[in-house]
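J.: Here's a structure for you.
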Amino acid sequence: MRFPRRFLPPIHLLTALEASARCGSFTVAASELDLTQSAVSRQIRLLEDQIGFELFVRERQSVRLTEAGAKYACEVRLALQHIAAATMGLRA
């Protein structure tokens, strides 16, 4: 099955989402990804703009996933796990 490329966000945006969702923090995700907090925040904003949904609610010193963001992050995490498993299988 072919998907239009416009529905396939760049992997660096998806990894920023996965890390931010898992960590519950752009700052912690940034440390894990070896990026700055502002870089992660920009990547999340780009992803939100691309898909047309707000994924995080930004509050004073924290962020939390929206309901749509939580569902999307779960699906993205599974997809990234499948890609990693396929790559490890290929290398084995």
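Chain labels follow the order of the structure tokens: the first chain is A, the next B, and so on; residue numbering restarts at 1 in every chain, and ligands are counted from 1 in their shown order.
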Please provide as a compact mmCIF listing (two decimals) with C-alpha atoms, in the first residue's frame all residues within 12 Å of Leu65 (chain A), with the sequence filter that same-chain residues fewer than 3 positions apart are discarded (counting only C-alpha atoms).
T.:
# COMPACT_ATOMS: atom_id res chain seq x y z
CA LEU A 17 7.46 13.20 19.84
CA GLU A 18 8.19 9.73 21.17
CA SER A 20 8.82 13.95 24.74
CA ALA A 21 5.72 11.82 25.31
CA ARG A 22 7.65 9.16 27.21
CA CYS A 23 9.61 11.68 29.31
CA GLY A 24 6.75 14.13 29.80
CA SER A 25 9.21 16.95 29.22
CA PHE A 26 10.84 18.68 26.26
CA ILE A 44 7.10 19.26 18.06
CA GLU A 48 1.82 19.68 14.98
CA PHE A 53 -3.36 18.74 15.53
CA GLU A 54 -2.07 20.03 18.85
CA LEU A 55 -0.20 17.16 20.50
CA PHE A 56 0.85 18.87 23.73
CA VAL A 57 -0.67 21.44 26.03
CA ARG A 58 2.09 23.84 26.97
CA GLU A 59 1.84 25.12 30.52
CA SER A 62 5.63 21.73 31.78
CA ALA A 68 -5.09 13.07 20.43
CA GLY A 69 -1.39 13.45 21.23
CA ALA A 70 -1.43 10.45 23.56
CA LYS A 71 -3.07 8.24 20.94
CA TYR A 72 -0.74 9.43 18.19
CA ALA A 73 2.36 9.04 20.38
CA CYS A 74 1.37 5.44 21.17
J.: Select from chain A everything DSSP, run on the backbone, classes as strand (DSSP E or B), then give the selection as a list of chain:residue names.
T.: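 Answer for chain A, restricted to strand (DSSP E or B): A:Phe56, A:Val57, A:Arg58, A:Glu59, A:Ser62, A:Val63, A:Arg64, A:Leu65.
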J.: Between CA of Leu13 (chain A) and CA of Val28 (chain A), what is the distance in Å, rounded to a tenth?
T.: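 Pair CA of Leu13 (chain A) / CA of Val28 (chain A) returns 15.7 Å.
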J.: Could you please determine the separation between CA of Leu8 (chain A) and CA of Asp49 (chain A) in Å, to one decimal place?
T.: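 Between these atoms lies a distance of 13.1 Å.
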